[in-house]
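Here is the structure we will look at.
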Amino acid sequence: MRARSIRGTGAVAAAASLAVAASACSAPGDGKNAGGAKDSAVVGIAYEPDTLSPLLGYGKDGNSKIFDGLLTHDADMKLKPALAAELPKVGDDGKTYTFKLRKGVKFSDGRPFTSKDVVFTYETILDKKTNNAAKTELDAVRDVEAKGDDTVVFHLKYPYAPFAERTVLPIAPEHIAGKQDVNTGEFTTKPVGTGPYKLVKWSKGEKLTFKANPGYWGGTPKVKNFTMAIIKDDDIRATRLDAGELDGAILPPNLAKKYESDGNKKSYAAKTFDYRVVTLPTGNKVAGDTGIRRALDTGVDRKAMVDSILDGAGKEAYGPVPTDSPWFTKGTERKHDLAAAKKILDKAGWKPGKGGIREKDGVQAKFPLWYLSGDKLRQDHALAYASDAKKLGIKVEVQAGTWEVIEPRMPKDAVLAGGGSPADPDFDQYTLLKSSLAGDGFNNMAHYDNPKVDKALDEARESGDHAERQAAYDTIQRELVKNPGYTFLTHIDHLYVVDKRFGDLTTQTEPHDHGLASGPWWNVEDWQPKQ
């Protein structure tokens with residue numbers, strides 16, 4: 001995964017590490033949109049995507065603005081038709097999905113959308129030459145068949161229960177994307193889709209500017225001009241919101257709180273599956289030690305992080321599945337217990353040593369922990385984790401860096417990462433824990449290797465029976481108690497502030513990836529600005 005599962009926010013680009021000074025001096029909407037034209041909106045987000053091509057993973061979870069999928073989600077995260085005219089007909093014991101396509105749909109260049117574009121999109125993503133690290137999510141697909149211009153049939157290798165959820169990924173035009181290099185062609189930065197908006201310009205590190213698509217099959221959006229300002233620094237995002245340069249922004253809890261009593265702005269809290277986690281790489285003699293892993297899992301004070309870092313806007317995390325999800329395995333919560341954690345270390349042979357740092361076989365209990373520079377939320381989590389570890393006699397050396405610096409160190413060094421997907425547990429856990437994906441970009445960053453977990457992941461993925469899948473995910477969650485290759489810390493609510501002139505907005509249950517696809521602007525095409 002190139003920033004898809006547990007790396008960063010919203011298909012985070014490594015290039016998102018722009019200088020704060022650059023963020024501070026560039027006006028996101030050319031000074032014309034925010035608080036100005038009634039049919040315009042400018043919102044501030046923290047990161048930008050690596051690419052705008054769905055063939056490389058852009059918009060794979062929906063809400064891509066430029067594109068549509070066969071299906072999409074409503075406010076309650078229920079699937080509904082988009083480019084498909086209706087929900088799919090499922091046959092062959094869950095191994096065929098037949099989609100009838102919506103008629104009269106055109107790409108923003110005026111060319112008609114047909115079944116050939118659907119086949120092209122999925123076949124290209126699955127092609128080994130395509131640099132789409134999320135293609136394992138389509139592992140179940142055997143082939144895609146076009147029947148005339150208005151029908152598509154997916155043939156699966158096995159009855160992959162959440163397959164319909166994967167058909168929210170955007171459809172690319174074969175007549176454009178099919179005529180250039182899928183990995184480097186112009187389509188990656190100048191896309192054409194069937195969605196409610198057309199991309200006007202992508203000023204990397206600064207903003208993405210969109211204009212309403214007048215030929216959109218769902219009706220022309222009332223918000224004609226939509227700009228996403230890329231502002232990495234939380235404080236600068238809040239400052240611009242105060243200055244009227246932004247109509248809305250995502251903000252951390254400490255900054256969002258001050259707008260609760262603002263008569264001109266409204267705050268929104270979106271429930272999420274978004275977690276913060278410390279990777280404990282198997283290739284590190286200390287972080288890969290089961291005793292160290294279990295002690296940290298028991299010794300970390302998750303509730304204190306929720307209370308102090310998140311200001312209560314979240315919950316403790318014991319795995320990728322939130323505790324209020326029906327997929328969560330009751331009894332796998334880990335109670336904060338320093339005494340028990342110390343006993344685990346004693347039993348594992350990690351004895352107190354010089355300077356209060358434990359030792360075993362001449363190796364000191366210390367390892368580096370990296371976080372993305374400029375991300376205060378990750379920094380705060382990393383420092384709190386290191387503080388808790390110190391009480392156990394484990395020295396965690398916190399360091400900041402860009403993804404270019406961090407990525408090559410992942411096999412040996414710990415990382416304060418993030419992830420989470422509400423659609424189905426397979427989307428999270430397979431790429432997070434499958435041993436065969438270790439070293440595949442940002443998949444399985446900890447190089448976690450547990451045969452029982454591998455077996456359960458395959459069983460859960462290949463079964464169409466809910467009870468069997470639940471049992472498999474129960475096994476996985478219990479195995480993570482016995483040998484946690486990651487220390488899960490918190491699940492985080494996403495907080496947004498938006499100008500009241502856009503009326504009462506909604507949020508969805510959000511994944512880790514947020515910014516372009518999520519927030520109150522998940523359905524900006526449906527906004528009704530007050531005149």
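Labeling convention for the structure tokens: chains A, B, ... as they appear, residues from 1 per chain, ligands from 1 in order of appearance.
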
### Message
I need the strand (DSSP E or B) residues of range 394-487 of chain A per DSSP on the backbone, written as a PyMOL selection string.
### Response
chain A and resi 395-401+414-419+486-487

Store the residues picked out above in a file with C-alpha atoms, as a compact mmCIF listing (two decimals), in the first residue's frame.
```
# COMPACT_ATOMS: atom_id res chain seq x y z
CA LYS A 395 13.43 3.17 26.39
CA VAL A 396 11.47 4.32 23.34
CA GLU A 397 13.41 6.92 21.36
CA VAL A 398 10.87 9.20 19.68
CA GLN A 399 11.91 10.72 16.35
CA ALA A 400 10.14 12.74 13.65
CA GLY A 401 10.60 12.39 9.92
CA ALA A 414 8.68 1.25 15.22
CA VAL A 415 6.28 3.75 13.65
CA LEU A 416 3.33 5.69 15.07
CA ALA A 417 0.86 4.83 12.32
CA GLY A 418 -2.86 4.95 11.62
CA GLY A 419 -5.52 2.93 9.85
CA TYR A 486 1.23 -3.75 17.19
CA THR A 487 0.25 -1.69 20.23
```

### Task
Just the residues within 10 Å of Gly283 in chain A, please, counting only C-alpha atoms, with nothing from its chain fewer than 4 positions along; format it as a PyMOL selection string.
chain A and resi 287-289+410-413+446-448

#### Entry: Residues flagged helix (DSSP H, G or I) by DSSP in range 113-328 of chain A, as a ChimeraX atom specification
/A:115-126,135-138,163-166,174-177,186-188,234-242,253-259,290-299,302-308

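The spacing separating CA of Pro484 in chain A from CA of Asp311 in chain A amounts to 26.6 Å.
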
Would you mind listing, for every residue of range 38-111 of chain A within 12 Å of range 491-512 of chain A, the two atoms forming the shortest contact and the distance between them in Å to one decimal, using only C-alpha atoms, sorted by chain and ascending residue number, as a Markdown table?
```
| residue | atom | partner | partner_atom | distance |
| --- | --- | --- | --- | --- |
| A:Lys38 | CA | A:Arg501 | CA | 8.7 |
| A:Asp39 | CA | A:Phe502 | CA | 9.9 |
| A:Ser40 | CA | A:Phe502 | CA | 10.2 |
| A:Ala41 | CA | A:Phe502 | CA | 9.0 |
| A:Val42 | CA | A:Val498 | CA | 9.9 |
| A:Val43 | CA | A:Val498 | CA | 8.2 |
| A:Gly44 | CA | A:Tyr496 | CA | 9.7 |
| A:Ile45 | CA | A:Tyr496 | CA | 9.9 |
| A:Ala46 | CA | A:Tyr496 | CA | 11.9 |
| A:Lys60 | CA | A:Pro511 | CA | 11.6 |
| A:Asp61 | CA | A:Pro511 | CA | 8.6 |
| A:Gly62 | CA | A:Pro511 | CA | 10.8 |
| A:Asn63 | CA | A:Gln508 | CA | 10.9 |
| A:His73 | CA | A:Gln508 | CA | 8.8 |
| A:Asp74 | CA | A:Gln508 | CA | 7.9 |
| A:Ala75 | CA | A:Gln508 | CA | 5.2 |
| A:Asp76 | CA | A:Gln508 | CA | 6.4 |
| A:Met77 | CA | A:Gln508 | CA | 6.6 |
| A:Lys78 | CA | A:Gln508 | CA | 10.2 |
```

### From A:Tyr160, A:Trp521, A:Val223, A:Leu70, residue lying nearest Ala270 in chain A [only C-alpha atoms]
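Counting only C-alpha atoms, the residue closest to Ala270 in chain A is A:Trp521.
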
### Task
Can you pull out every residue within 8 Å of Lys89 in chain A, counting only C-alpha atoms, but drop anything in the same chain fewer than 2 positions away, and send it as a list in words?
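The filter keeps Leu87, Gly91, Tyr97, Thr98 and Phe99 of chain A.
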
### Message
Nearest residue to Lys65 in chain A out of A:Arg166, A:Lys103, A:Lys204, A:Lys198, using only C-alpha atoms?
### Response
A:Lys198

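The spacing separating CA of Pro81 in chain A from CA of Glu462 in chain A amounts to 25.2 Å.
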